[in-house]
Each structure stands twice: as C-alpha cells, then as structure tokens.
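Okay, coords-v7.csv is below, CSV, C-alpha atoms:
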```csv
chain,number,residue,atom,x,y,z
H,1,MET,CA,15.3,-15.7,-20.7
H,2,ILE,CA,13.3,-13.9,-18.0
H,3,LYS,CA,11.8,-10.6,-19.3
H,4,GLU,CA,12.6,-7.3,-17.7
H,5,ASN,CA,9.9,-6.0,-15.2
H,6,TYR,CA,9.5,-2.3,-15.5
H,7,ASP,CA,6.7,0.3,-15.0
H,8,PHE,CA,7.1,3.5,-17.0
H,9,TYR,CA,6.4,5.7,-14.0
H,10,SER,CA,8.3,5.3,-10.7
H,11,PRO,CA,6.0,3.9,-8.0
H,12,TYR,CA,8.1,5.5,-5.2
H,13,ASN,CA,6.2,7.7,-2.8
H,14,PHE,CA,2.9,7.2,-4.7
H,15,LYS,CA,0.3,4.9,-3.3
H,16,LEU,CA,-3.5,4.7,-3.8
H,17,ARG,CA,-4.7,4.1,-0.3
H,18,ASN,CA,-7.6,5.1,2.0
H,19,LEU,CA,-9.7,6.3,-0.9
H,20,ASP,CA,-13.2,7.3,0.0
H,21,PRO,CA,-15.6,4.4,-1.1
H,22,LYS,CA,-17.5,6.8,-3.4
H,23,ILE,CA,-14.3,7.8,-5.2
H,24,GLN,CA,-13.3,4.2,-5.5
H,25,TYR,CA,-16.7,3.3,-6.8
H,26,GLN,CA,-16.5,6.0,-9.5
H,27,LEU,CA,-13.0,4.8,-10.5
H,28,ASP,CA,-14.3,1.2,-10.7
H,29,LEU,CA,-17.1,2.3,-13.0
H,30,LEU,CA,-14.5,4.1,-15.2
H,31,ALA,CA,-12.4,0.9,-15.3
H,32,SER,CA,-15.4,-1.1,-16.4
H,33,HIS,CA,-16.2,1.5,-19.1
H,34,ASP,CA,-12.7,1.9,-20.4
H,35,LEU,CA,-9.7,0.4,-18.6
H,36,ILE,CA,-7.2,2.6,-20.6
H,37,THR,CA,-8.9,5.8,-19.3
H,38,ARG,CA,-8.8,4.4,-15.7
H,39,LYS,CA,-5.0,3.6,-16.1
H,40,HIS,CA,-4.5,7.1,-17.6
H,41,SER,CA,-6.1,8.6,-14.5
H,42,GLU,CA,-3.9,6.7,-12.2
H,43,ASN,CA,-0.8,7.7,-14.2
H,44,VAL,CA,-1.8,11.4,-14.0
H,45,ALA,CA,-2.4,11.1,-10.3
H,46,ASN,CA,1.1,9.5,-9.9
H,47,LEU,CA,2.7,12.4,-11.8
H,48,VAL,CA,0.7,15.0,-10.0
H,49,TYR,CA,1.6,13.6,-6.6
H,50,ARG,CA,5.3,13.8,-7.2
H,51,LEU,CA,5.1,17.1,-9.1
H,52,CYS,CA,3.3,18.6,-6.0
H,53,GLU,CA,6.2,17.4,-3.8
H,54,TYR,CA,8.7,19.2,-6.0
H,55,LEU,CA,6.5,22.3,-6.0
H,56,HIS,CA,6.7,22.2,-2.2
H,57,CYS,CA,3.0,21.9,-1.7
H,58,ASN,CA,1.7,21.0,1.8
H,59,SER,CA,0.5,17.5,2.5
H,60,LYS,CA,-3.2,18.4,2.5
H,61,PHE,CA,-2.9,20.0,-0.9
H,62,ILE,CA,-0.9,17.1,-2.3
H,63,LEU,CA,-3.7,14.7,-1.2
H,64,TYR,CA,-6.3,17.0,-2.7
H,65,ALA,CA,-4.5,17.5,-6.0
H,66,THR,CA,-3.9,13.7,-6.3
H,67,THR,CA,-7.6,13.0,-5.8
H,68,CYS,CA,-8.6,15.7,-8.3
H,69,ALA,CA,-6.2,14.0,-10.8
H,70,LEU,CA,-7.8,10.6,-10.2
H,71,LEU,CA,-11.2,12.1,-11.0
H,72,HIS,CA,-10.2,14.5,-13.7
H,73,ASP,CA,-11.5,12.3,-16.6
H,74,ILE,CA,-14.4,10.8,-14.7
H,75,GLY,CA,-16.8,12.6,-17.2
H,76,LYS,CA,-15.6,10.1,-19.9
H,77,LEU,CA,-18.0,7.7,-18.3
H,78,PHE,CA,-20.6,9.5,-20.4
H,79,VAL,CA,-18.6,9.5,-23.7
H,80,PRO,CA,-19.6,6.7,-26.1
H,81,LEU,CA,-16.9,4.0,-26.4
H,82,ASP,CA,-16.8,4.3,-30.2
H,83,ILE,CA,-15.6,7.9,-29.7
H,84,LEU,CA,-13.6,7.4,-26.6
H,85,THR,CA,-11.6,4.5,-28.0
H,86,LYS,CA,-11.5,5.6,-31.7
H,87,PRO,CA,-7.9,4.9,-33.0
H,88,GLY,CA,-7.8,7.7,-35.6
H,89,SER,CA,-8.6,11.4,-35.4
H,90,LEU,CA,-12.0,12.5,-34.2
H,91,THR,CA,-14.3,14.4,-36.5
H,92,ASP,CA,-15.4,17.9,-35.4
H,93,GLU,CA,-18.7,16.6,-34.2
H,94,GLU,CA,-17.0,13.7,-32.3
H,95,PHE,CA,-14.6,16.2,-30.7
H,96,GLU,CA,-17.4,18.3,-29.5
H,97,ILE,CA,-18.9,15.3,-27.8
H,98,MET,CA,-15.5,14.4,-26.3
H,99,LYS,CA,-15.1,17.9,-24.9
H,100,LYS,CA,-18.2,17.5,-22.9
H,101,HIS,CA,-16.4,15.1,-20.5
H,102,THR,CA,-15.2,18.2,-18.6
H,103,THR,CA,-18.6,19.6,-17.8
H,104,LEU,CA,-20.2,16.2,-17.3
H,105,GLY,CA,-17.4,15.2,-14.9
H,106,TYR,CA,-17.8,18.5,-13.1
H,107,GLU,CA,-21.6,17.9,-12.7
H,108,LEU,CA,-21.1,14.4,-11.5
H,109,CYS,CA,-18.7,15.5,-8.8
H,110,TYR,CA,-20.6,18.6,-7.8
H,111,LYS,CA,-23.9,16.7,-7.2
H,112,ASP,CA,-22.2,14.5,-4.6
H,113,LEU,CA,-21.0,16.1,-1.4
H,114,LYS,CA,-18.1,13.6,-1.1
H,115,LEU,CA,-16.9,14.3,-4.6
H,116,ARG,CA,-17.7,18.1,-4.8
H,117,PRO,CA,-14.3,19.2,-3.4
H,118,TYR,CA,-12.6,17.7,-6.4
H,119,CYS,CA,-14.8,19.0,-9.2
H,120,ASP,CA,-12.2,21.7,-10.3
H,121,GLY,CA,-9.9,19.0,-11.7
H,122,ALA,CA,-12.7,17.7,-13.9
H,123,LEU,CA,-13.9,21.1,-15.2
H,124,TYR,CA,-10.6,23.0,-15.7
H,125,HIS,CA,-7.9,20.5,-16.8
H,126,HIS,CA,-8.3,21.4,-20.5
H,127,GLU,CA,-8.3,25.1,-20.0
H,128,SER,CA,-5.4,27.1,-21.2
H,129,LEU,CA,-3.7,30.1,-19.6
H,130,ASN,CA,-4.1,32.1,-22.9
H,131,GLY,CA,-7.8,31.4,-23.2
H,132,THR,CA,-7.6,28.9,-26.0
H,133,GLY,CA,-8.8,25.9,-23.9
H,134,TYR,CA,-12.2,24.4,-23.1
H,135,PRO,CA,-15.0,24.2,-22.0
H,136,ASN,CA,-15.2,27.9,-21.0
H,137,GLY,CA,-12.0,29.5,-22.4
H,138,VAL,CA,-11.0,31.0,-19.1
H,139,THR,CA,-7.5,32.5,-18.6
H,140,LYS,CA,-4.6,32.8,-16.2
H,141,LYS,CA,-5.7,33.1,-12.6
H,142,GLU,CA,-9.3,32.0,-13.4
H,143,ILE,CA,-7.9,28.5,-13.7
H,144,PRO,CA,-7.3,26.9,-10.3
H,145,TYR,CA,-3.7,26.1,-9.5
H,146,VAL,CA,-4.6,22.4,-9.1
H,147,ALA,CA,-6.0,22.3,-12.6
H,148,GLN,CA,-2.8,23.9,-14.0
H,149,ILE,CA,-0.8,21.2,-12.4
H,150,ILE,CA,-3.1,18.4,-13.7
H,151,ARG,CA,-2.9,20.0,-17.2
H,152,VAL,CA,0.8,19.4,-17.4
H,153,ALA,CA,0.7,15.8,-16.2
H,154,ASP,CA,-2.4,15.0,-18.3
H,155,GLU,CA,-0.9,16.3,-21.5
H,156,TYR,CA,2.4,14.5,-20.9
H,157,ASP,CA,0.8,11.1,-20.2
H,158,ALA,CA,-1.5,11.5,-23.3
H,159,ILE,CA,1.6,12.0,-25.5
H,160,VAL,CA,3.4,9.1,-23.9
H,161,ALA,CA,0.4,6.9,-24.6
H,162,LYS,CA,-0.1,8.1,-28.1
H,163,ARG,CA,3.6,7.6,-29.0
H,164,GLN,CA,3.6,4.2,-27.2
H,165,TYR,CA,6.7,4.9,-25.2
H,166,LYS,CA,8.2,1.9,-23.5
H,167,THR,CA,11.4,3.7,-22.5
H,168,HIS,CA,12.5,7.2,-21.6
H,169,ILE,CA,15.0,7.3,-24.4
H,170,ASN,CA,14.0,10.3,-26.6
H,171,ILE,CA,11.4,11.4,-23.9
H,172,SER,CA,12.9,14.9,-24.3
H,173,GLU,CA,11.0,15.1,-27.6
H,174,THR,CA,7.7,14.9,-25.6
H,175,LEU,CA,8.9,17.6,-23.3
H,176,LYS,CA,9.7,19.8,-26.3
H,177,VAL,CA,6.1,19.6,-27.3
H,178,LEU,CA,5.1,20.7,-23.8
H,179,ILE,CA,7.6,23.6,-24.0
H,180,LYS,CA,6.0,24.7,-27.2
H,181,ASP,CA,2.6,24.8,-25.4
H,182,ALA,CA,4.2,26.8,-22.5
H,183,LYS,CA,5.3,29.6,-24.9
H,184,PRO,CA,3.1,32.4,-26.1
H,185,GLU,CA,1.4,32.0,-29.5
H,186,GLU,CA,2.1,34.7,-32.2
H,187,TYR,CA,-1.6,34.9,-32.9
H,188,ILE,CA,-4.6,33.7,-31.0
H,189,LYS,CA,-7.7,33.2,-33.1
H,190,THR,CA,-10.1,32.0,-30.5
H,191,VAL,CA,-10.0,34.9,-27.9
H,192,ALA,CA,-11.6,38.3,-28.2
H,193,LEU,CA,-9.5,41.1,-29.6
H,194,ASP,CA,-9.6,43.1,-26.4
H,195,GLN,CA,-8.0,40.1,-24.6
H,196,LEU,CA,-5.4,39.5,-27.3
H,197,SER,CA,-2.6,41.7,-26.0
H,198,LYS,CA,-3.2,40.7,-22.4
H,199,ASP,CA,-3.3,36.9,-23.0
H,200,SER,CA,-0.9,36.6,-25.9
H,201,LYS,CA,2.0,36.9,-23.4
H,202,VAL,CA,1.4,33.5,-21.9
H,203,GLY,CA,1.2,30.0,-23.4
H,204,LYS,CA,-1.3,27.3,-22.8
H,205,ILE,CA,0.4,25.7,-19.8
H,206,ASN,CA,2.2,27.1,-16.8
H,207,SER,CA,5.9,27.3,-17.6
H,208,LYS,CA,7.0,27.2,-13.9
H,209,ILE,CA,5.0,24.0,-13.3
H,210,LEU,CA,6.4,22.5,-16.5
H,211,LYS,CA,10.0,23.4,-15.5
H,212,THR,CA,9.5,21.7,-12.2
H,213,PHE,CA,7.9,18.7,-14.0
H,214,PHE,CA,11.2,18.0,-15.7
H,215,LYS,CA,12.5,16.8,-12.3
H,216,VAL,CA,9.7,14.2,-12.2
H,217,VAL,CA,10.6,13.0,-15.7
H,218,ILE,CA,14.3,12.8,-14.6
H,219,ASP,CA,13.2,10.7,-11.6
H,220,ASP,CA,11.3,8.3,-13.8
H,221,THR,CA,14.3,8.1,-16.1
H,222,MET,CA,16.6,7.3,-13.2
H,223,TYR,CA,14.0,4.7,-12.0
H,224,GLU,CA,14.3,3.0,-15.5
H,225,ILE,CA,18.0,3.0,-15.2
H,226,TYR,CA,17.7,1.4,-11.8
H,227,CYS,CA,15.4,-1.3,-13.2
H,228,ILE,CA,17.7,-2.0,-16.1
H,229,ARG,CA,20.7,-2.3,-13.8
H,230,GLU,CA,18.8,-4.8,-11.7
H,231,TYR,CA,18.0,-6.8,-14.8
H,232,VAL,CA,21.6,-6.6,-16.0
H,233,SER,CA,22.7,-8.0,-12.7
H,234,HIS,CA,20.4,-11.0,-13.3
H,235,LEU,CA,21.7,-11.4,-16.9
H,236,VAL,CA,25.3,-11.3,-15.7
H,237,ASN,CA,24.6,-14.1,-13.2
H,238,GLU,CA,23.1,-16.2,-16.0
H,239,GLN,CA,26.0,-15.4,-18.2
H,240,GLU,CA,28.4,-16.6,-15.5
H,241,ARG,CA,26.5,-19.8,-15.1
H,242,LEU,CA,26.6,-20.4,-18.8
H,243,LYS,CA,30.3,-19.6,-18.9
H,244,LEU,CA,30.9,-22.2,-16.2
H,245,ILE,CA,28.9,-24.7,-18.3
H,246,ASP,CA,31.2,-23.8,-21.3
H,247,ASN,CA,34.2,-24.4,-19.1
H,248,PHE,CA,33.0,-27.8,-18.1
H,249,HIS,CA,32.2,-28.6,-21.7
H,250,ASN,CA,35.7,-27.7,-22.8
H,251,LYS,CA,37.2,-29.8,-20.0
H,252,MET,CA,35.0,-32.7,-21.0
H,253,LEU,CA,36.2,-32.5,-24.6
H,254,THR,CA,39.9,-32.5,-23.6
H,255,SER,CA,39.6,-35.2,-20.9
H,256,LYS,CA,41.0,-38.6,-21.8
H,257,ASN,CA,39.5,-40.2,-18.7
H,258,ASP,CA,35.9,-41.5,-19.1
H,259,LYS,CA,35.1,-40.8,-15.4
H,260,LYS,CA,36.3,-37.2,-15.8
H,261,ARG,CA,34.2,-36.8,-18.9
H,262,GLU,CA,31.2,-38.2,-17.1
H,263,TYR,CA,31.9,-35.8,-14.1
H,264,PHE,CA,32.0,-32.7,-16.3
H,265,LEU,CA,29.0,-33.8,-18.3
H,266,ASN,CA,27.0,-34.2,-15.0
H,267,GLY,CA,28.2,-30.8,-13.9
H,268,MET,CA,26.8,-29.3,-17.0
H,269,LYS,CA,23.5,-31.0,-16.5
H,270,VAL,CA,23.2,-29.7,-13.0
H,271,LEU,CA,23.8,-26.1,-14.2
H,272,PHE,CA,21.4,-26.3,-17.2
H,273,ASP,CA,18.3,-24.2,-17.0
H,274,LYS,CA,14.9,-25.3,-18.5
H,275,GLY,CA,15.3,-25.9,-22.2
H,276,GLU,CA,19.1,-25.7,-22.2
H,277,THR,CA,21.1,-28.6,-23.6
H,278,GLU,CA,24.7,-29.4,-24.6
H,279,GLU,CA,23.8,-28.6,-28.1
H,280,ASN,CA,22.2,-25.1,-27.6
H,281,TYR,CA,23.8,-23.6,-24.5
H,282,LYS,CA,26.3,-21.6,-26.5
H,283,ASP,CA,23.5,-20.0,-28.4
H,284,VAL,CA,21.8,-19.1,-25.1
H,285,LEU,CA,25.1,-17.7,-23.8
H,286,ASP,CA,25.4,-15.6,-26.9
H,287,GLU,CA,21.8,-14.4,-26.4
H,288,TYR,CA,22.6,-13.3,-22.8
H,289,THR,CA,25.8,-11.5,-23.9
H,290,LYS,CA,24.0,-9.5,-26.6
H,291,ALA,CA,21.2,-8.7,-24.1
H,292,ILE,CA,23.8,-7.3,-21.6
H,293,ASP,CA,25.4,-5.2,-24.2
H,294,ASN,CA,22.0,-3.9,-25.4
H,295,LYS,CA,20.9,-3.0,-21.9
H,296,LYS,CA,24.2,-1.2,-21.1
H,297,PHE,CA,23.8,0.8,-24.3
H,298,MET,CA,20.3,1.7,-23.1
H,299,ILE,CA,21.6,2.9,-19.8
H,300,SER,CA,24.1,5.1,-21.6
H,301,LYS,CA,21.3,6.6,-23.8
H,302,LEU,CA,19.2,7.2,-20.8
H,303,TYR,CA,22.0,9.2,-19.1
H,304,ASP,CA,22.3,11.2,-22.3
H,305,GLU,CA,18.6,11.9,-22.2
H,306,ILE,CA,18.9,13.3,-18.7
H,307,LYS,CA,21.6,15.6,-19.9
H,308,ILE,CA,19.3,16.8,-22.7
H,309,ILE,CA,16.4,17.4,-20.3
H,310,LYS,CA,18.6,19.4,-17.9
H,311,LYS,CA,19.6,21.7,-20.8
H,312,LEU,CA,16.0,22.3,-22.0
H,313,LYS,CA,14.9,25.9,-21.9
H,314,ILE,CA,11.4,27.3,-21.6
```
Take the structure in the file and give it back as structure tokens.
Amino acid sequence: MIKENYDFYSPYNFKLRNLDPKIQYQLDLLASHDLITRKHSENVANLVYRLCEYLHCNSKFILYATTCALLHDIGKLFVPLDILTKPGSLTDEEFEIMKKHTTLGYELCYKDLKLRPYCDGALYHHESLNGTGYPNGVTKKEIPYVAQIIRVADEYDAIVAKRQYKTHINISETLKVLIKDAKPEEYIKTVALDQLSKDSKVGKINSKILKTFFKVVIDDTMYEIYCIREYVSHLVNEQERLKLIDNFHNKMLTSKNDKKREYFLNGMKVLFDKGETEENYKDVLDEYTKAIDNKKFMISKLYDEIKIIKKLKI
C-alpha cells in the first residue's frame, strides 16, 4: 500500500527563493551543524509568512519578516551540539548557554551589512511583553513587531516538534498553551516592583497576533484534510480494483466451463498489483477498506478540531 504523502505545514504561498547568497550560506552552515534547527527555522518562516498575510502586512514587510524568521536561530551555530540536541531537560548552566544564541545570532547578523537588517529577529524572539523573556527582559513596545510575530510561530513549532505531532488532531491543545502565555500572570517574579503593575496586565506573547495565528493553523488543518482526501481517492481506486478481482474470482469458482475459468483467472492476474495473489488479495482488500474507514474518521476528527479552534477565547 502506497503511504500517504503529507507535510505538516501547508506549502501554499510560501517559497524560499531569491535568497541573498550570504543568507543561504548561513542557513547551509546551520544545516550542517544541526539539520533539525535548520528545519525549524524554515517551519517558522513558513508560519510567519502566512501569519503576516493574515495580519495584512505589506509585501516588503512580509519578505523582511520571513527572512528574519529564517535567521532567528542562527546563533545556535555557536551552541555546542551536546546541549543543542540534548533529549532531556537542560540544567541551569546549560540553559544559560542556550540563551546566548539570541545575542550571538544578533552579533553575527549585525557584523555583516547584508544580514544586519534582520538582526532583530535573532535578538528579540525570546523576549516577552511582560518583561519575563530573555536576553534583556524588555517589555511591550520595546520588542519589535517582527519579533512579536516570530515569537508566536517559534513557540508553536517548538511545541509541535516536542510533542511529535504528525496530524492536526488535538492541535487545539497546543494553542491552549499559547493562550496561557498570552494571558497576564498573577505574579511576576523576574521584573522590578515598579514595573509590576504596568507589565502584569499583559502576557508573554501578543494576543492579537495569536488570535490571527489561529487562521494559519486552520489553514494547515484544511490542508491536511485535502491531502487525506486525495489519499482516500487513491485508496478507493485500489479498493474498486480489488473488488473487481473478487468479482472475477467468484465467477471463476462458479463457472463450469474450463475456458471461462481460465478467462476469469487471467483477468485476475492482469489486475493483480505487486505481491498480490489469488490467496492473499482478500486480505489486501480488507486492509484497504480499513484504511479508508480510518482516514474518513480522521477527516471527521479534523473538522471537529477546526470547530474547537474557532471557539477558543483569549
């Protein structure tokens, strides 16, 4: 049985093209250092591109924001692999080293005139509106708008990767985590007392950007539904072929004429796919039927997920 071909994020409208050679060079270095981080950067850029469209940003800003997203984790080139790829939780010391990827990425971009315009993405993408982020603990309007956009996409993709999502079923649970980060905290330990009342009224991430981001997630869910439907169409064609084989087989068993039996047997052989035989085709047919039922159930669950997302409140 041919496997379903599906990318988690919709490729529509997002294409990496005409990148400056210096940007491409840095991304290639990142890929050679850690392919997962490079893939994450592309995922975030994909999400940022489409999020900016829903935010009605102009085309120049969309290109700028997407490039910032591609380079937002470029500082991880300088993070040791044993820390960057550690499967478990980081120690406090390791986390301090990991946090430096923001300033190191900023410095890398700032030193190169071609990369300098995009250094804000690297420096600010872990900052929080309420001042609890890093590396500088800045707040609200001190955080560039492009970094606020990247923060939402970055956090979402990080959760998706950590939970190893292969489908958008239950993706609303991830959005609920982001909603929690968009709401004010009852008590903020890491900001000065004179900032407490001012900054406690906002969460870590921009709630308006997050609400718009729901549309991107719904788009990706609809894209998955489209891919599953295309796959079901293929499965149904295979199911019909196997049903025809079964029909020939039944006619062969009930035929009293040797020539007719030979005719139906040859018909079956013509329709057999690789590995299929007279002895196992019914098992294959049963496998396709179960797969169709399973995929139709998935489509139903994905539509339910969209309904849940549309009802989420921030």
Near Lys114 in chain H, within 12 Å and counting all atoms listed in the file, which residues show up once chain neighbours fewer than 6 positions away are dropped, as a PDB file with C-alpha atoms, in the coordinates of the input?
```
ATOM      1  CA  LEU H  19      -9.700   6.300  -0.900  1.00  0.00           C
ATOM      2  CA  ASP H  20     -13.200   7.300   0.000  1.00  0.00           C
ATOM      3  CA  PRO H  21     -15.600   4.400  -1.100  1.00  0.00           C
ATOM      4  CA  LYS H  22     -17.500   6.800  -3.400  1.00  0.00           C
ATOM      5  CA  ILE H  23     -14.300   7.800  -5.200  1.00  0.00           C
ATOM      6  CA  GLN H  24     -13.300   4.200  -5.500  1.00  0.00           C
ATOM      7  CA  TYR H  25     -16.700   3.300  -6.800  1.00  0.00           C
ATOM      8  CA  GLN H  26     -16.500   6.000  -9.500  1.00  0.00           C
ATOM      9  CA  THR H  67      -7.600  13.000  -5.800  1.00  0.00           C
ATOM     10  CA  LEU H 108     -21.100  14.400 -11.500  1.00  0.00           C
TER      11      LEU H 108
END
```
message: Give me the residues near Leu63 in chain H as a list in words, where near means some atom within 12 Å (using all atoms listed in the file) and where sequence neighbours in that chain fewer than 2 positions away do not count.
response: Phe14, Lys15, Leu16, Arg17, Asn18, Leu19, Ala45, Asn46, Val48, Tyr49, Arg50, Cys52, Glu53, Cys57, Asn58, Ser59, Lys60, Phe61, Ala65, Thr66, Thr67, Cys68, Ala69, Leu70, Pro117, Tyr118 and Val146 of chain H
Go ahead and save the residues from that selection, with C-alpha atoms, as a compact mmCIF listing (two decimals), keeping the file's coordinate frame.
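out-v3.txt was written with the following content:
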```txt
# COMPACT_ATOMS: atom_id res chain seq x y z
CA PHE H 14 2.90 7.20 -4.70
CA LYS H 15 0.30 4.90 -3.30
CA LEU H 16 -3.50 4.70 -3.80
CA ARG H 17 -4.70 4.10 -0.30
CA ASN H 18 -7.60 5.10 2.00
CA LEU H 19 -9.70 6.30 -0.90
CA ALA H 45 -2.40 11.10 -10.30
CA ASN H 46 1.10 9.50 -9.90
CA VAL H 48 0.70 15.00 -10.00
CA TYR H 49 1.60 13.60 -6.60
CA ARG H 50 5.30 13.80 -7.20
CA CYS H 52 3.30 18.60 -6.00
CA GLU H 53 6.20 17.40 -3.80
CA CYS H 57 3.00 21.90 -1.70
CA ASN H 58 1.70 21.00 1.80
CA SER H 59 0.50 17.50 2.50
CA LYS H 60 -3.20 18.40 2.50
CA PHE H 61 -2.90 20.00 -0.90
CA ALA H 65 -4.50 17.50 -6.00
CA THR H 66 -3.90 13.70 -6.30
CA THR H 67 -7.60 13.00 -5.80
CA CYS H 68 -8.60 15.70 -8.30
CA ALA H 69 -6.20 14.00 -10.80
CA LEU H 70 -7.80 10.60 -10.20
CA PRO H 117 -14.30 19.20 -3.40
CA TYR H 118 -12.60 17.70 -6.40
CA VAL H 146 -4.60 22.40 -9.10
```
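The gap separating CA of Val284 in chain H from CA of Phe272 in chain H is 10.7 Å, in Å to one decimal.
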Give me, as a CSV table (one decimal) with C-alpha atoms, in the coordinates of the input, all polymer residues having an atom no more than 8 Å from Val216 in chain H, counting all atoms listed in the file and skipping those fewer than 2 positions away in the same chain.
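Heads up, here's the output in selection.csv:
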```csv
chain,number,residue,atom,x,y,z
H,47,LEU,CA,2.7,12.4,-11.8
H,50,ARG,CA,5.3,13.8,-7.2
H,51,LEU,CA,5.1,17.1,-9.1
H,212,THR,CA,9.5,21.7,-12.2
H,213,PHE,CA,7.9,18.7,-14.0
H,214,PHE,CA,11.2,18.0,-15.7
H,218,ILE,CA,14.3,12.8,-14.6
H,219,ASP,CA,13.2,10.7,-11.6
H,220,ASP,CA,11.3,8.3,-13.8
```
- prompt: Mind pulling up the distance from CA of Ala161 in chain H to CA of Lys86 in chain H?
  reply: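 Separating CA of Lys86 in chain H from CA of Ala161 in chain H is a distance of 13.9 Å.
Neighbouring residues of Met268 in chain H at 12 Å or closer, counting all atoms listed in the file and skipping chain neighbours under 2 positions away, are Arg241, Leu242, Lys243, Leu244, Ile245, Asp246, Asn247, Phe248, His249, Asn250, Lys251, Met252, Arg261, Glu262, Tyr263, Phe264, Leu265, Asn266, Val270, Leu271, Phe272, Asp273, Glu276, Thr277, Glu278, Glu279 and Tyr281 of chain H.
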query: Using all atoms listed in the file, which residue out of H:Gly121, H:Gly131, H:Gly88, H:Gly75 lies closest to Thr103 in chain H?
result: H:Gly75
- prompt: Any idea what the distance is between CA of Arg163 in chain H and CA of Phe95 in chain H?
  reply: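 Computed distance, CA of Arg163 in chain H to CA of Phe95 in chain H, equals 20.2 Å.
Those residues that approach range 301-306 of chain H to within 9 Å, counting only C-alpha atoms, are Thr167, His168, Ile169, Asn170, Ile171, Ser172, Val217, Ile218, Thr221, Met222, Glu224 and Ile225 of chain H; same-chain residues fewer than 6 positions away are not listed.
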field: Proximity to Asn294 in chain H - best of H:Leu123, H:Val232, H:Val79, H:Ile314, all atoms listed in the file
entry: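 Ranked by minimum distance to Asn294 in chain H, first place goes to H:Val232.
Here the question is which of H:Glu238, H:Asp34, H:His126, H:Tyr64 gets nearest to Asp286 in chain H using only C-alpha atoms, and that residue is H:Glu238.
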- request: Rank H:Thr102, H:Gln239, H:Asn257, H:Ser128 by their smallest atom-to-atom distance to Asn206 in chain H, using all atoms listed in the file, and report the top residue only.
  value: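 Of H:Thr102, H:Gln239, H:Asn257, H:Ser128, the one nearest Asn206 in chain H, counting all atoms listed in the file, is H:Ser128.
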- request: Step by step: start from the point (-6.9, 18.7, -18.5) in the file's coordinates, keep every protein, DNA or RNA residue that has an atom no farther than 7 Å from it, count all atoms listed in the file, and write the set as an MDAnalysis selection string.
  value: chainID H and resid 124:127 147 150:151 154
statement: The residue from H:Leu129, H:Leu285, H:Phe8, H:Lys215 with the smallest atom-to-atom distance to Tyr165 in chain H, counting all atoms listed in the file, is H:Phe8
